[in-house]
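For reference, the structure discussed in these notes is given below.
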Amino acid sequence: MRRLMNAEQPVLAEHGLTMWGYVVLSALDDGPVRTQAALAKAIGADKTRIIGTLDTLQDDGLITREPDPKDRRVRLLGITDAGRAARRSAQSKIQAQEERLLGRLPAGDRGAFLRAARLLSEAEWP
């Protein structure tokens with residue numbers, strides 16, 4: 001897993017993204033996450049710790065943050081076309097790298113590895 005994550009770093013850097021930036025873009029691209037609090041919960045991050053990431057993504061034109069007309073204390077998040085393109089391009093290259101690396105495993109081992117990784121990523125941590 002560590003090797004897979006390390007292999008992602010150059011791809012993310014090529015797209016001007018950090019791992020957290022990529023996670024944020026993925027969450028916004030994949031689902032109906034609309035507020036900073038909902039985003040933090042969806043990605044398992046403290047809402048105060050992602051502010052710097054959100055600032056950078058907004059400054060880079062990859063996301064929008066607008067005040068909620070119903071509650072000015074709340075910021076509504078959106079992914080821009082540029083953010084969507086950056087996320088999807090990075091994702092495509094990351095998946096190609098994963099395919100090359102995991103392609104070294106026999107099919108049964110590969111399936112077992114992916115199932116184990118999925119279960120561990122979904123597990124509740126203390």
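In the structure tokens, chains take the letters A, B, ... in the order shown, each chain's residues start at 1, and ligands count up from 1 in the order shown.
Non-sequential neighbours of range 77-93 of chain A (distance at most 7 Å, separation of 5 or more positions within a chain, only C-alpha atoms) are Val11, Leu12, His15, Tyr22, Leu25, Ser26, Leu28, Asp29, Arg34, Thr35, Gln36, Gly61, Leu62, Ile63, Thr64, Arg65 and Glu66 of chain A.
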Taking C-alpha atoms for each residue, export the selection above as a PDB file, in the first residue's frame.
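Ended up saving to result-v2.pdb:
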ATOM      1  CA  VAL A  11       1.352  12.074 -10.576  1.00  0.00           C
ATOM      2  CA  LEU A  12      -0.349  14.353  -8.085  1.00  0.00           C
ATOM      3  CA  HIS A  15      -1.290  17.998 -11.600  1.00  0.00           C
ATOM      4  CA  TYR A  22      -6.900  14.888  -4.609  1.00  0.00           C
ATOM      5  CA  LEU A  25     -11.584  16.793  -5.464  1.00  0.00           C
ATOM      6  CA  SER A  26     -12.569  13.114  -5.568  1.00  0.00           C
ATOM      7  CA  LEU A  28     -16.641  16.650  -4.605  1.00  0.00           C
ATOM      8  CA  ASP A  29     -16.576  14.963  -8.016  1.00  0.00           C
ATOM      9  CA  ARG A  34     -21.920  20.398  -0.311  1.00  0.00           C
ATOM     10  CA  THR A  35     -20.595  21.861   2.946  1.00  0.00           C
ATOM     11  CA  GLN A  36     -17.142  21.949   4.494  1.00  0.00           C
ATOM     12  CA  GLY A  61      -9.503  27.581  -9.550  1.00  0.00           C
ATOM     13  CA  LEU A  62     -10.284  23.916  -8.841  1.00  0.00           C
ATOM     14  CA  ILE A  63     -13.156  24.428  -6.389  1.00  0.00           C
ATOM     15  CA  THR A  64     -15.627  27.117  -5.424  1.00  0.00           C
ATOM     16  CA  ARG A  65     -16.729  28.084  -1.925  1.00  0.00           C
ATOM     17  CA  GLU A  66     -19.799  30.249  -1.636  1.00  0.00           C
TER      18      GLU A  66
END
Test item, helix (DSSP H, G or I) assignment across range 77-115 of chain A, answer as a count of residues only: 31
Please run DSSP on the backbone and report, as a PDB file with C-alpha atoms, in the first residue's frame, all residues within chain A that come out as strand (DSSP E or B).
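The new file selection15.pdb reads:
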ATOM      1  CA  THR A  35     -20.595  21.861   2.946  1.00  0.00           C
ATOM      2  CA  ILE A  63     -13.156  24.428  -6.389  1.00  0.00           C
ATOM      3  CA  THR A  64     -15.627  27.117  -5.424  1.00  0.00           C
ATOM      4  CA  ARG A  65     -16.729  28.084  -1.925  1.00  0.00           C
ATOM      5  CA  GLU A  66     -19.799  30.249  -1.636  1.00  0.00           C
ATOM      6  CA  PRO A  67     -21.750  31.377   1.411  1.00  0.00           C
ATOM      7  CA  ASP A  68     -24.927  29.396   1.964  1.00  0.00           C
ATOM      8  CA  ASP A  71     -26.697  30.400   6.751  1.00  0.00           C
ATOM      9  CA  ARG A  72     -23.797  32.772   6.034  1.00  0.00           C
ATOM     10  CA  ARG A  73     -21.549  30.822   8.449  1.00  0.00           C
ATOM     11  CA  VAL A  74     -21.720  27.791   6.144  1.00  0.00           C
ATOM     12  CA  ARG A  75     -19.720  27.511   2.922  1.00  0.00           C
ATOM     13  CA  LEU A  76     -21.097  25.507   0.010  1.00  0.00           C
ATOM     14  CA  LEU A  77     -18.449  23.704  -2.007  1.00  0.00           C
ATOM     15  CA  GLY A  78     -18.366  22.928  -5.694  1.00  0.00           C
ATOM     16  CA  ILE A  79     -15.839  21.456  -8.078  1.00  0.00           C
TER      17      ILE A  79
END
Taking 5 positions as the minimum chain separation for residues in the same chain, which residues sit within 10 Å of range 46-50 of chain A when counting only C-alpha atoms? Answer as a PDB file with C-alpha atoms, in the first residue's frame.
ATOM      1  CA  TRP A  20      -5.492  15.790   0.481  1.00  0.00           C
ATOM      2  CA  GLY A  21      -6.298  17.989  -2.512  1.00  0.00           C
ATOM      3  CA  VAL A  24     -11.151  16.591  -1.681  1.00  0.00           C
ATOM      4  CA  GLN A  36     -17.142  21.949   4.494  1.00  0.00           C
ATOM      5  CA  ALA A  37     -18.454  20.006   7.486  1.00  0.00           C
ATOM      6  CA  ALA A  38     -20.016  17.326   5.247  1.00  0.00           C
ATOM      7  CA  LEU A  39     -16.811  17.100   3.228  1.00  0.00           C
ATOM      8  CA  ALA A  40     -14.679  16.682   6.345  1.00  0.00           C
ATOM      9  CA  LYS A  41     -16.944  13.880   7.549  1.00  0.00           C
ATOM     10  CA  ASP A  55      -7.861  27.610   0.215  1.00  0.00           C
TER      11      ASP A  55
END
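Taking CA of Arg115 in chain A and CA of Gln9 in chain A as the two end points, the separation is 23.2 Å.
CA of Ile43 in chain A is found 7.2 Å from CA of Val23 in chain A.
Distances from A:Glu98, A:Leu57, A:Met19, A:Glu122 to Ala42 in chain A were compared using only C-alpha atoms, and the smallest one belongs to A:Glu122.
Going from CA of Ala7 in chain A to CA of Ala96 in chain A covers 10.9 Å.
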